[in-house]
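One file, my_file18.txt, is given below (compact mmCIF, N, CA and C atoms).
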# COMPACT_ATOMS: atom_id res chain seq x y z
N MET A 1 -24.65 -11.66 -22.19
CA MET A 1 -25.52 -11.85 -23.34
C MET A 1 -26.26 -13.19 -23.24
N LYS A 2 -25.54 -14.22 -22.77
CA LYS A 2 -26.15 -15.54 -22.62
C LYS A 2 -27.31 -15.50 -21.62
N LYS A 3 -27.13 -14.74 -20.55
CA LYS A 3 -28.16 -14.61 -19.53
C LYS A 3 -29.42 -13.95 -20.12
N LEU A 4 -29.23 -12.92 -20.93
CA LEU A 4 -30.35 -12.24 -21.57
C LEU A 4 -31.08 -13.17 -22.55
N LEU A 5 -30.33 -13.97 -23.28
CA LEU A 5 -30.93 -14.90 -24.23
C LEU A 5 -31.79 -15.93 -23.50
N PHE A 6 -31.27 -16.50 -22.41
CA PHE A 6 -32.05 -17.48 -21.63
C PHE A 6 -33.28 -16.83 -21.00
N ALA A 7 -33.16 -15.57 -20.55
CA ALA A 7 -34.30 -14.86 -19.99
C ALA A 7 -35.36 -14.63 -21.06
N PHE A 8 -34.94 -14.26 -22.26
CA PHE A 8 -35.88 -14.04 -23.36
C PHE A 8 -36.59 -15.34 -23.73
N ILE A 9 -35.83 -16.41 -23.88
CA ILE A 9 -36.42 -17.70 -24.25
C ILE A 9 -37.39 -18.17 -23.17
N GLY A 10 -36.98 -18.05 -21.91
CA GLY A 10 -37.86 -18.45 -20.80
C GLY A 10 -39.14 -17.64 -20.77
N GLY A 11 -39.04 -16.32 -20.95
CA GLY A 11 -40.22 -15.47 -20.97
C GLY A 11 -41.13 -15.77 -22.14
N LEU A 12 -40.54 -16.04 -23.30
CA LEU A 12 -41.32 -16.37 -24.48
C LEU A 12 -42.09 -17.69 -24.29
N VAL A 13 -41.41 -18.71 -23.78
CA VAL A 13 -42.06 -20.00 -23.55
C VAL A 13 -43.15 -19.86 -22.49
N PHE A 14 -42.87 -19.09 -21.43
CA PHE A 14 -43.86 -18.87 -20.38
C PHE A 14 -45.10 -18.17 -20.93
N GLY A 15 -44.89 -17.09 -21.69
CA GLY A 15 -46.01 -16.35 -22.26
C GLY A 15 -46.83 -17.19 -23.22
N LEU A 16 -46.17 -17.95 -24.09
CA LEU A 16 -46.89 -18.83 -25.01
C LEU A 16 -47.67 -19.90 -24.24
N GLY A 17 -47.06 -20.42 -23.19
CA GLY A 17 -47.74 -21.42 -22.36
C GLY A 17 -48.99 -20.85 -21.71
N LEU A 18 -48.89 -19.61 -21.23
CA LEU A 18 -50.07 -18.96 -20.63
C LEU A 18 -51.19 -18.80 -21.64
N ILE A 19 -50.83 -18.42 -22.86
CA ILE A 19 -51.85 -18.24 -23.90
C ILE A 19 -52.47 -19.58 -24.28
N LEU A 20 -51.63 -20.59 -24.53
CA LEU A 20 -52.14 -21.90 -24.94
C LEU A 20 -52.99 -22.56 -23.85
N ALA A 21 -52.64 -22.33 -22.59
CA ALA A 21 -53.36 -22.94 -21.47
C ALA A 21 -54.66 -22.20 -21.13
N GLY A 22 -54.84 -21.01 -21.69
CA GLY A 22 -56.03 -20.23 -21.38
C GLY A 22 -55.88 -19.35 -20.16
N MET A 23 -54.70 -19.30 -19.58
CA MET A 23 -54.49 -18.50 -18.37
C MET A 23 -54.55 -17.00 -18.66
N ALA A 24 -54.42 -16.60 -19.93
CA ALA A 24 -54.51 -15.18 -20.28
C ALA A 24 -55.95 -14.78 -20.58
N ASN A 25 -56.89 -15.69 -20.41
CA ASN A 25 -58.31 -15.42 -20.65
C ASN A 25 -59.00 -15.27 -19.29
N PRO A 26 -59.29 -14.04 -18.87
CA PRO A 26 -59.90 -13.84 -17.55
C PRO A 26 -61.20 -14.63 -17.36
N ALA A 27 -62.00 -14.80 -18.40
CA ALA A 27 -63.25 -15.54 -18.27
C ALA A 27 -62.99 -17.01 -17.92
N LYS A 28 -61.95 -17.58 -18.52
CA LYS A 28 -61.59 -18.98 -18.23
C LYS A 28 -61.08 -19.10 -16.79
N VAL A 29 -60.27 -18.14 -16.37
CA VAL A 29 -59.74 -18.16 -15.00
C VAL A 29 -60.87 -18.01 -14.00
N LEU A 30 -61.80 -17.08 -14.25
CA LEU A 30 -62.93 -16.90 -13.34
C LEU A 30 -63.81 -18.14 -13.32
N GLY A 31 -63.92 -18.84 -14.46
CA GLY A 31 -64.66 -20.11 -14.49
C GLY A 31 -64.00 -21.16 -13.62
N PHE A 32 -62.68 -21.14 -13.56
CA PHE A 32 -61.96 -22.07 -12.69
C PHE A 32 -62.18 -21.73 -11.22
N LEU A 33 -62.23 -20.44 -10.92
CA LEU A 33 -62.39 -20.00 -9.53
C LEU A 33 -63.84 -20.09 -9.04
N ASP A 34 -64.80 -20.25 -9.94
CA ASP A 34 -66.22 -20.29 -9.58
C ASP A 34 -66.63 -21.71 -9.16
N LEU A 35 -66.30 -22.08 -7.94
CA LEU A 35 -66.58 -23.44 -7.46
C LEU A 35 -68.07 -23.69 -7.26
N ALA A 36 -68.85 -22.65 -7.01
CA ALA A 36 -70.27 -22.83 -6.75
C ALA A 36 -71.12 -22.76 -8.03
N GLY A 37 -70.51 -22.33 -9.15
CA GLY A 37 -71.27 -22.19 -10.39
C GLY A 37 -70.82 -23.19 -11.44
N GLN A 38 -70.59 -22.70 -12.64
CA GLN A 38 -70.15 -23.53 -13.77
C GLN A 38 -68.63 -23.70 -13.68
N TRP A 39 -68.18 -24.54 -12.77
CA TRP A 39 -66.75 -24.71 -12.53
C TRP A 39 -66.06 -25.34 -13.73
N ASP A 40 -64.92 -24.75 -14.13
CA ASP A 40 -64.11 -25.26 -15.24
C ASP A 40 -62.80 -25.79 -14.64
N PRO A 41 -62.65 -27.11 -14.51
CA PRO A 41 -61.47 -27.69 -13.86
C PRO A 41 -60.21 -27.73 -14.74
N SER A 42 -60.29 -27.29 -15.99
CA SER A 42 -59.16 -27.47 -16.91
C SER A 42 -57.88 -26.79 -16.42
N LEU A 43 -58.00 -25.64 -15.76
CA LEU A 43 -56.79 -24.97 -15.28
C LEU A 43 -56.12 -25.72 -14.14
N ALA A 44 -56.86 -26.55 -13.43
CA ALA A 44 -56.25 -27.38 -12.39
C ALA A 44 -55.25 -28.34 -13.03
N PHE A 45 -55.59 -28.86 -14.20
CA PHE A 45 -54.67 -29.75 -14.90
C PHE A 45 -53.45 -28.99 -15.40
N VAL A 46 -53.67 -27.76 -15.86
CA VAL A 46 -52.55 -26.92 -16.30
C VAL A 46 -51.62 -26.65 -15.13
N MET A 47 -52.19 -26.29 -13.99
CA MET A 47 -51.36 -26.01 -12.81
C MET A 47 -50.65 -27.27 -12.32
N GLY A 48 -51.35 -28.40 -12.34
CA GLY A 48 -50.72 -29.66 -11.94
C GLY A 48 -49.55 -30.00 -12.85
N GLY A 49 -49.73 -29.81 -14.14
CA GLY A 49 -48.64 -30.05 -15.09
C GLY A 49 -47.47 -29.11 -14.86
N ALA A 50 -47.77 -27.85 -14.56
CA ALA A 50 -46.72 -26.87 -14.29
C ALA A 50 -45.94 -27.23 -13.03
N VAL A 51 -46.64 -27.69 -12.00
CA VAL A 51 -45.96 -28.09 -10.76
C VAL A 51 -45.06 -29.30 -11.03
N ALA A 52 -45.55 -30.27 -11.80
CA ALA A 52 -44.75 -31.46 -12.11
C ALA A 52 -43.49 -31.09 -12.88
N VAL A 53 -43.63 -30.23 -13.89
CA VAL A 53 -42.46 -29.78 -14.66
C VAL A 53 -41.50 -29.00 -13.76
N GLY A 54 -42.07 -28.14 -12.90
CA GLY A 54 -41.24 -27.37 -11.98
C GLY A 54 -40.46 -28.25 -11.01
N LEU A 55 -41.12 -29.28 -10.48
CA LEU A 55 -40.42 -30.20 -9.57
C LEU A 55 -39.26 -30.88 -10.27
N LEU A 56 -39.48 -31.33 -11.50
CA LEU A 56 -38.40 -31.97 -12.25
C LEU A 56 -37.28 -30.97 -12.54
N GLY A 57 -37.68 -29.76 -12.93
CA GLY A 57 -36.68 -28.73 -13.22
C GLY A 57 -35.82 -28.38 -12.02
N PHE A 58 -36.45 -28.22 -10.86
CA PHE A 58 -35.68 -27.91 -9.65
C PHE A 58 -34.80 -29.08 -9.24
N ARG A 59 -35.29 -30.28 -9.43
CA ARG A 59 -34.47 -31.46 -9.10
C ARG A 59 -33.21 -31.49 -9.97
N LEU A 60 -33.38 -31.22 -11.25
CA LEU A 60 -32.24 -31.17 -12.17
C LEU A 60 -31.32 -30.01 -11.80
N ALA A 61 -31.90 -28.85 -11.51
CA ALA A 61 -31.09 -27.69 -11.16
C ALA A 61 -30.28 -27.92 -9.89
N HIS A 62 -30.86 -28.61 -8.91
CA HIS A 62 -30.13 -28.88 -7.66
C HIS A 62 -28.95 -29.83 -7.89
N SER A 63 -29.01 -30.62 -8.96
CA SER A 63 -27.91 -31.55 -9.21
C SER A 63 -26.76 -30.91 -9.97
N ARG A 64 -26.95 -29.68 -10.44
CA ARG A 64 -25.90 -28.98 -11.20
C ARG A 64 -25.33 -27.85 -10.35
N PRO A 65 -24.00 -27.73 -10.27
CA PRO A 65 -23.42 -26.67 -9.44
C PRO A 65 -23.51 -25.28 -10.07
N VAL A 66 -23.66 -25.22 -11.40
CA VAL A 66 -23.75 -23.93 -12.08
C VAL A 66 -24.98 -23.90 -12.99
N ALA A 67 -25.46 -22.69 -13.25
CA ALA A 67 -26.60 -22.50 -14.15
C ALA A 67 -26.15 -22.67 -15.59
N TRP A 68 -27.12 -22.74 -16.51
CA TRP A 68 -26.79 -22.84 -17.94
C TRP A 68 -26.01 -21.63 -18.43
N THR A 69 -26.15 -20.52 -17.73
CA THR A 69 -25.41 -19.31 -18.11
C THR A 69 -23.97 -19.34 -17.62
N GLY A 70 -23.61 -20.37 -16.85
CA GLY A 70 -22.25 -20.50 -16.32
C GLY A 70 -22.08 -19.87 -14.95
N GLU A 71 -23.11 -19.25 -14.42
CA GLU A 71 -23.03 -18.61 -13.12
C GLU A 71 -23.28 -19.62 -12.01
N PRO A 72 -22.68 -19.42 -10.84
CA PRO A 72 -22.94 -20.36 -9.74
C PRO A 72 -24.39 -20.24 -9.27
N ARG A 73 -24.93 -21.34 -8.79
CA ARG A 73 -26.30 -21.36 -8.27
C ARG A 73 -26.32 -20.78 -6.86
N VAL A 74 -27.28 -19.94 -6.61
CA VAL A 74 -27.49 -19.38 -5.28
C VAL A 74 -28.96 -19.62 -4.94
N TRP A 75 -29.21 -20.44 -3.95
CA TRP A 75 -30.58 -20.76 -3.54
C TRP A 75 -30.95 -19.92 -2.34
N PRO A 76 -32.17 -19.38 -2.31
CA PRO A 76 -32.59 -18.58 -1.16
C PRO A 76 -32.78 -19.45 0.08
N ALA A 77 -32.59 -18.84 1.23
CA ALA A 77 -32.82 -19.55 2.49
C ALA A 77 -34.33 -19.63 2.74
N LEU A 78 -34.78 -20.73 3.27
CA LEU A 78 -36.20 -20.89 3.59
C LEU A 78 -36.47 -20.27 4.96
N HIS A 79 -37.57 -19.52 5.07
CA HIS A 79 -37.85 -18.83 6.32
C HIS A 79 -39.20 -19.19 6.95
N GLY A 80 -40.01 -19.99 6.32
CA GLY A 80 -41.30 -20.34 6.89
C GLY A 80 -42.35 -19.26 6.67
N LEU A 81 -43.50 -19.45 7.30
CA LEU A 81 -44.62 -18.53 7.14
C LEU A 81 -44.53 -17.39 8.14
N ASP A 82 -44.89 -16.20 7.68
CA ASP A 82 -45.04 -15.07 8.59
C ASP A 82 -46.27 -14.27 8.15
N LYS A 83 -46.62 -13.24 8.91
CA LYS A 83 -47.83 -12.47 8.62
C LYS A 83 -47.77 -11.81 7.25
N ARG A 84 -46.60 -11.28 6.89
CA ARG A 84 -46.48 -10.59 5.60
C ARG A 84 -46.70 -11.55 4.44
N LEU A 85 -46.19 -12.76 4.53
CA LEU A 85 -46.37 -13.75 3.46
C LEU A 85 -47.84 -14.13 3.33
N VAL A 86 -48.50 -14.40 4.45
CA VAL A 86 -49.92 -14.79 4.43
C VAL A 86 -50.78 -13.64 3.92
N LEU A 87 -50.53 -12.42 4.38
CA LEU A 87 -51.29 -11.27 3.91
C LEU A 87 -51.07 -11.05 2.41
N GLY A 88 -49.85 -11.17 1.97
CA GLY A 88 -49.56 -11.01 0.54
C GLY A 88 -50.26 -12.07 -0.29
N ALA A 89 -50.27 -13.31 0.19
CA ALA A 89 -50.96 -14.39 -0.53
C ALA A 89 -52.47 -14.13 -0.59
N LEU A 90 -53.04 -13.64 0.51
CA LEU A 90 -54.47 -13.31 0.53
C LEU A 90 -54.80 -12.20 -0.45
N LEU A 91 -53.98 -11.14 -0.46
CA LEU A 91 -54.22 -10.03 -1.39
C LEU A 91 -54.07 -10.49 -2.84
N PHE A 92 -53.08 -11.32 -3.10
CA PHE A 92 -52.88 -11.87 -4.44
C PHE A 92 -54.11 -12.66 -4.86
N GLY A 93 -54.60 -13.53 -4.01
CA GLY A 93 -55.76 -14.36 -4.32
C GLY A 93 -57.03 -13.55 -4.52
N ILE A 94 -57.22 -12.54 -3.69
CA ILE A 94 -58.39 -11.67 -3.83
C ILE A 94 -58.34 -10.93 -5.17
N GLY A 95 -57.18 -10.38 -5.49
CA GLY A 95 -57.02 -9.68 -6.76
C GLY A 95 -57.25 -10.60 -7.95
N TRP A 96 -56.73 -11.81 -7.86
CA TRP A 96 -56.90 -12.81 -8.93
C TRP A 96 -58.37 -13.16 -9.09
N GLY A 97 -59.06 -13.32 -7.96
CA GLY A 97 -60.48 -13.67 -8.00
C GLY A 97 -61.36 -12.56 -8.52
N ILE A 98 -61.02 -11.31 -8.23
CA ILE A 98 -61.82 -10.18 -8.70
C ILE A 98 -61.60 -9.95 -10.20
N ALA A 99 -60.34 -9.95 -10.61
CA ALA A 99 -60.03 -9.58 -12.00
C ALA A 99 -59.93 -10.78 -12.93
N GLY A 100 -59.64 -11.95 -12.39
CA GLY A 100 -59.41 -13.11 -13.25
C GLY A 100 -58.05 -13.04 -13.93
N ILE A 101 -57.18 -12.19 -13.40
CA ILE A 101 -55.84 -11.98 -13.99
C ILE A 101 -54.83 -12.04 -12.85
N CYS A 102 -53.67 -12.65 -13.11
CA CYS A 102 -52.55 -12.55 -12.18
C CYS A 102 -51.38 -11.93 -12.94
N PRO A 103 -50.26 -11.61 -12.30
CA PRO A 103 -49.22 -10.81 -12.93
C PRO A 103 -48.68 -11.33 -14.27
N GLY A 104 -48.39 -12.61 -14.39
CA GLY A 104 -47.86 -13.13 -15.65
C GLY A 104 -48.82 -12.92 -16.81
N PRO A 105 -50.04 -13.43 -16.71
CA PRO A 105 -51.02 -13.20 -17.77
C PRO A 105 -51.34 -11.72 -17.99
N ALA A 106 -51.25 -10.89 -16.96
CA ALA A 106 -51.51 -9.46 -17.13
C ALA A 106 -50.51 -8.86 -18.12
N LEU A 107 -49.25 -9.29 -18.03
CA LEU A 107 -48.25 -8.77 -18.96
C LEU A 107 -48.48 -9.29 -20.37
N VAL A 108 -48.94 -10.53 -20.49
CA VAL A 108 -49.29 -11.08 -21.80
C VAL A 108 -50.44 -10.28 -22.40
N LEU A 109 -51.49 -10.04 -21.60
CA LEU A 109 -52.64 -9.27 -22.07
C LEU A 109 -52.28 -7.82 -22.37
N LEU A 110 -51.36 -7.26 -21.58
CA LEU A 110 -50.91 -5.90 -21.83
C LEU A 110 -50.24 -5.82 -23.21
N GLY A 111 -49.41 -6.83 -23.51
CA GLY A 111 -48.77 -6.89 -24.82
C GLY A 111 -49.78 -7.03 -25.95
N ALA A 112 -50.95 -7.59 -25.65
CA ALA A 112 -52.01 -7.76 -26.65
C ALA A 112 -52.89 -6.52 -26.74
N GLY A 113 -52.62 -5.49 -25.92
CA GLY A 113 -53.36 -4.25 -25.99
C GLY A 113 -54.64 -4.21 -25.17
N SER A 114 -54.78 -5.06 -24.16
CA SER A 114 -56.00 -5.10 -23.35
C SER A 114 -56.05 -3.92 -22.38
N GLY A 115 -57.19 -3.19 -22.42
CA GLY A 115 -57.40 -2.08 -21.50
C GLY A 115 -57.52 -2.55 -20.06
N LYS A 116 -58.19 -3.70 -19.86
CA LYS A 116 -58.34 -4.26 -18.52
C LYS A 116 -56.96 -4.59 -17.94
N ALA A 117 -56.07 -5.10 -18.79
CA ALA A 117 -54.72 -5.43 -18.33
C ALA A 117 -53.95 -4.17 -17.98
N LEU A 118 -54.16 -3.10 -18.74
CA LEU A 118 -53.48 -1.83 -18.44
C LEU A 118 -53.88 -1.34 -17.05
N LEU A 119 -55.16 -1.40 -16.76
CA LEU A 119 -55.64 -1.00 -15.43
C LEU A 119 -55.07 -1.92 -14.35
N PHE A 120 -55.06 -3.23 -14.61
CA PHE A 120 -54.54 -4.20 -13.65
C PHE A 120 -53.06 -3.95 -13.38
N VAL A 121 -52.27 -3.77 -14.45
CA VAL A 121 -50.82 -3.56 -14.29
C VAL A 121 -50.56 -2.24 -13.56
N ALA A 122 -51.34 -1.21 -13.87
CA ALA A 122 -51.18 0.07 -13.16
C ALA A 122 -51.45 -0.12 -11.66
N ALA A 123 -52.51 -0.86 -11.33
CA ALA A 123 -52.82 -1.13 -9.92
C ALA A 123 -51.73 -1.97 -9.28
N MET A 124 -51.20 -2.94 -10.03
CA MET A 124 -50.14 -3.80 -9.51
C MET A 124 -48.88 -2.98 -9.21
N VAL A 125 -48.50 -2.11 -10.14
CA VAL A 125 -47.31 -1.26 -9.94
C VAL A 125 -47.55 -0.31 -8.77
N GLY A 126 -48.78 0.24 -8.67
CA GLY A 126 -49.11 1.10 -7.54
C GLY A 126 -49.01 0.36 -6.21
N GLY A 127 -49.49 -0.88 -6.18
CA GLY A 127 -49.38 -1.69 -4.97
C GLY A 127 -47.94 -1.98 -4.60
N MET A 128 -47.11 -2.25 -5.61
CA MET A 128 -45.68 -2.49 -5.32
C MET A 128 -45.02 -1.23 -4.80
N ALA A 129 -45.38 -0.07 -5.36
CA ALA A 129 -44.81 1.20 -4.87
C ALA A 129 -45.26 1.47 -3.44
N LEU A 130 -46.54 1.23 -3.15
CA LEU A 130 -47.06 1.41 -1.79
C LEU A 130 -46.34 0.47 -0.82
N HIS A 131 -46.14 -0.77 -1.22
CA HIS A 131 -45.41 -1.72 -0.37
C HIS A 131 -43.99 -1.22 -0.10
N ALA A 132 -43.33 -0.74 -1.16
CA ALA A 132 -41.96 -0.25 -0.99
C ALA A 132 -41.91 0.92 -0.01
N MET A 133 -42.90 1.83 -0.10
CA MET A 133 -42.92 2.97 0.82
C MET A 133 -43.18 2.52 2.26
N VAL A 134 -44.14 1.63 2.44
CA VAL A 134 -44.47 1.15 3.79
C VAL A 134 -43.31 0.35 4.36
N PHE A 135 -42.73 -0.54 3.56
CA PHE A 135 -41.63 -1.37 4.04
C PHE A 135 -40.42 -0.52 4.37
N ARG A 136 -40.12 0.45 3.52
CA ARG A 136 -38.97 1.34 3.78
C ARG A 136 -39.21 2.14 5.05
N ALA A 137 -40.46 2.62 5.26
CA ALA A 137 -40.78 3.39 6.46
C ALA A 137 -40.67 2.53 7.71
N GLY A 138 -40.99 1.25 7.61
CA GLY A 138 -40.93 0.36 8.77
C GLY A 138 -39.54 -0.08 9.14
N THR A 139 -38.54 0.13 8.25
CA THR A 139 -37.18 -0.31 8.55
C THR A 139 -36.32 0.81 9.10
N LYS A 140 -36.87 2.02 9.21
CA LYS A 140 -36.06 3.15 9.70
C LYS A 140 -36.05 3.21 11.19

Starting from the file, give its structure as structure tokens.
Amino acid sequence: MKKLLFAFIGGLVFGLGLILAGMANPAKVLGFLDLAGQWDPSLAFVMGGAVAVGLLGFRLAHSRPVAWTGEPRVWPALHGLDKRLVLGALLFGIGWGIAGICPGPALVLLGAGSGKALLFVAAMVGGMALHAMVFRAGTK
């Protein structure tokens, strides 16, 4: 139950942060990505602040042997760059640039009843299903 409560609180704070920062507004995001036009640098400050908070959070988390839920910490092994990671990052960036939406804000917009978000989330789920089929086929 404690784990669910922390997940709910984290998701709520994340969603509210996306709304307050303007990350759930595709026009604002596209303005940030439009380097050759009317560039809006405000999201760079939002991202910089998020990275700073994240660095502090990870530093604190590394100093604690257990999570707030009481479970032991398990950190993933670092593996470096490979073709799948680079291709995935490129596809993510292209999708973000075309739609002005990335997965977190898409879920916020979906909750707000946005038709564009519904289409985006459907495409995102379809892409994840396609990846699962291709990846599963490649491991046999």

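The two atoms in question, CA of Leu33 (chain A) and CA of Asp82 (chain A), are spaced 25.6 Å apart.
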
Please, what distance in Å, to one decimal, runs between CA of Val121 (chain A) and atom N of Ala21 (chain A)? 20.6 Å

Determine which residues of region 40-119 of chain A receive a DSSP assignment of helix (DSSP H, G or I), computed from the backbone, and state them as a PyMOL selection string. chain A and resi 42-62+83-99+103-111+115-119

Name the residues in contact with region 94-99 of chain A at a cut-off of 8 Å, using all atoms listed in the file, excluding same-chain residues fewer than 3 positions from it; report them as a VMD selection string. chain A and resid 25 to 27 29 to 30 33 88 to 91 102 to 103 120

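Comparing the minimum interatomic distances between Val46 (chain A) and each of A:Val66, A:Ile19, A:Val134, A:Met1, counting only C-alpha atoms, we find that A:Ile19 sits nearest.
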
Contact residues around region 2-18 of chain A with all atoms listed in the file at 7 Å, ignoring same-chain residues under 2 positions, as a VMD selection string: chain A and resid 20 to 25 69 105 108

Incomplete region 15-24 of chain A filled out to all heavy atoms as an mmCIF file, in the coordinates of the input:
data_model
loop_
_atom_site.group_PDB
_atom_site.id
_atom_site.type_symbol
_atom_site.label_atom_id
_atom_site.label_comp_id
_atom_site.auth_asym_id
_atom_site.auth_seq_id
_atom_site.Cartn_x
_atom_site.Cartn_y
_atom_site.Cartn_z
ATOM 1 N N GLY A 15 -44.890 -17.090 -21.690
ATOM 2 C CA GLY A 15 -46.010 -16.350 -22.260
ATOM 3 C C GLY A 15 -46.830 -17.190 -23.220
ATOM 4 O O GLY A 15 -48.073 -17.174 -23.174
ATOM 5 N N LEU A 16 -46.170 -17.950 -24.090
ATOM 6 C CA LEU A 16 -46.890 -18.830 -25.010
ATOM 7 C C LEU A 16 -47.670 -19.900 -24.240
ATOM 8 O O LEU A 16 -48.805 -20.230 -24.599
ATOM 9 C CB LEU A 16 -45.927 -19.477 -26.001
ATOM 10 C CG LEU A 16 -45.359 -18.544 -27.067
ATOM 11 C CD1 LEU A 16 -44.273 -19.256 -27.873
ATOM 12 C CD2 LEU A 16 -46.443 -18.006 -27.969
ATOM 13 N N GLY A 17 -47.060 -20.420 -23.190
ATOM 14 C CA GLY A 17 -47.740 -21.420 -22.360
ATOM 15 C C GLY A 17 -48.990 -20.850 -21.710
ATOM 16 O O GLY A 17 -50.026 -21.510 -21.658
ATOM 17 N N LEU A 18 -48.890 -19.610 -21.230
ATOM 18 C CA LEU A 18 -50.070 -18.960 -20.630
ATOM 19 C C LEU A 18 -51.190 -18.800 -21.640
ATOM 20 O O LEU A 18 -52.360 -19.044 -21.336
ATOM 21 C CB LEU A 18 -49.690 -17.581 -20.072
ATOM 22 C CG LEU A 18 -48.808 -17.556 -18.831
ATOM 23 C CD1 LEU A 18 -48.407 -16.131 -18.500
ATOM 24 C CD2 LEU A 18 -49.507 -18.198 -17.651
ATOM 25 N N ILE A 19 -50.830 -18.420 -22.860
ATOM 26 C CA ILE A 19 -51.850 -18.240 -23.900
ATOM 27 C C ILE A 19 -52.470 -19.580 -24.280
ATOM 28 O O ILE A 19 -53.696 -19.723 -24.317
ATOM 29 C CB ILE A 19 -51.232 -17.562 -25.140
ATOM 30 C CG1 ILE A 19 -50.878 -16.108 -24.807
ATOM 31 C CG2 ILE A 19 -52.198 -17.618 -26.326
ATOM 32 C CD1 ILE A 19 -50.019 -15.428 -25.842
ATOM 33 N N LEU A 20 -51.630 -20.590 -24.530
ATOM 34 C CA LEU A 20 -52.140 -21.900 -24.940
ATOM 35 C C LEU A 20 -52.990 -22.560 -23.850
ATOM 36 O O LEU A 20 -53.955 -23.261 -24.138
ATOM 37 C CB LEU A 20 -50.989 -22.829 -25.323
ATOM 38 C CG LEU A 20 -50.247 -22.456 -26.610
ATOM 39 C CD1 LEU A 20 -49.021 -23.344 -26.795
ATOM 40 C CD2 LEU A 20 -51.175 -22.551 -27.812
ATOM 41 N N ALA A 21 -52.640 -22.330 -22.590
ATOM 42 C CA ALA A 21 -53.360 -22.940 -21.470
ATOM 43 C C ALA A 21 -54.660 -22.200 -21.130
ATOM 44 O O ALA A 21 -55.461 -22.696 -20.361
ATOM 45 C CB ALA A 21 -52.475 -22.998 -20.237
ATOM 46 N N GLY A 22 -54.840 -21.010 -21.690
ATOM 47 C CA GLY A 22 -56.030 -20.230 -21.380
ATOM 48 C C GLY A 22 -55.880 -19.350 -20.160
ATOM 49 O O GLY A 22 -56.839 -18.703 -19.743
ATOM 50 N N MET A 23 -54.700 -19.300 -19.580
ATOM 51 C CA MET A 23 -54.490 -18.500 -18.370
ATOM 52 C C MET A 23 -54.550 -17.000 -18.660
ATOM 53 O O MET A 23 -54.700 -16.204 -17.740
ATOM 54 C CB MET A 23 -53.141 -18.835 -17.726
ATOM 55 C CG MET A 23 -53.048 -20.219 -17.140
ATOM 56 S SD MET A 23 -53.994 -20.422 -15.636
ATOM 57 C CE MET A 23 -53.042 -19.449 -14.484
ATOM 58 N N ALA A 24 -54.420 -16.600 -19.930
ATOM 59 C CA ALA A 24 -54.510 -15.180 -20.280
ATOM 60 C C ALA A 24 -55.950 -14.780 -20.580
ATOM 61 O O ALA A 24 -56.201 -13.647 -20.962
ATOM 62 C CB ALA A 24 -53.603 -14.883 -21.477
#
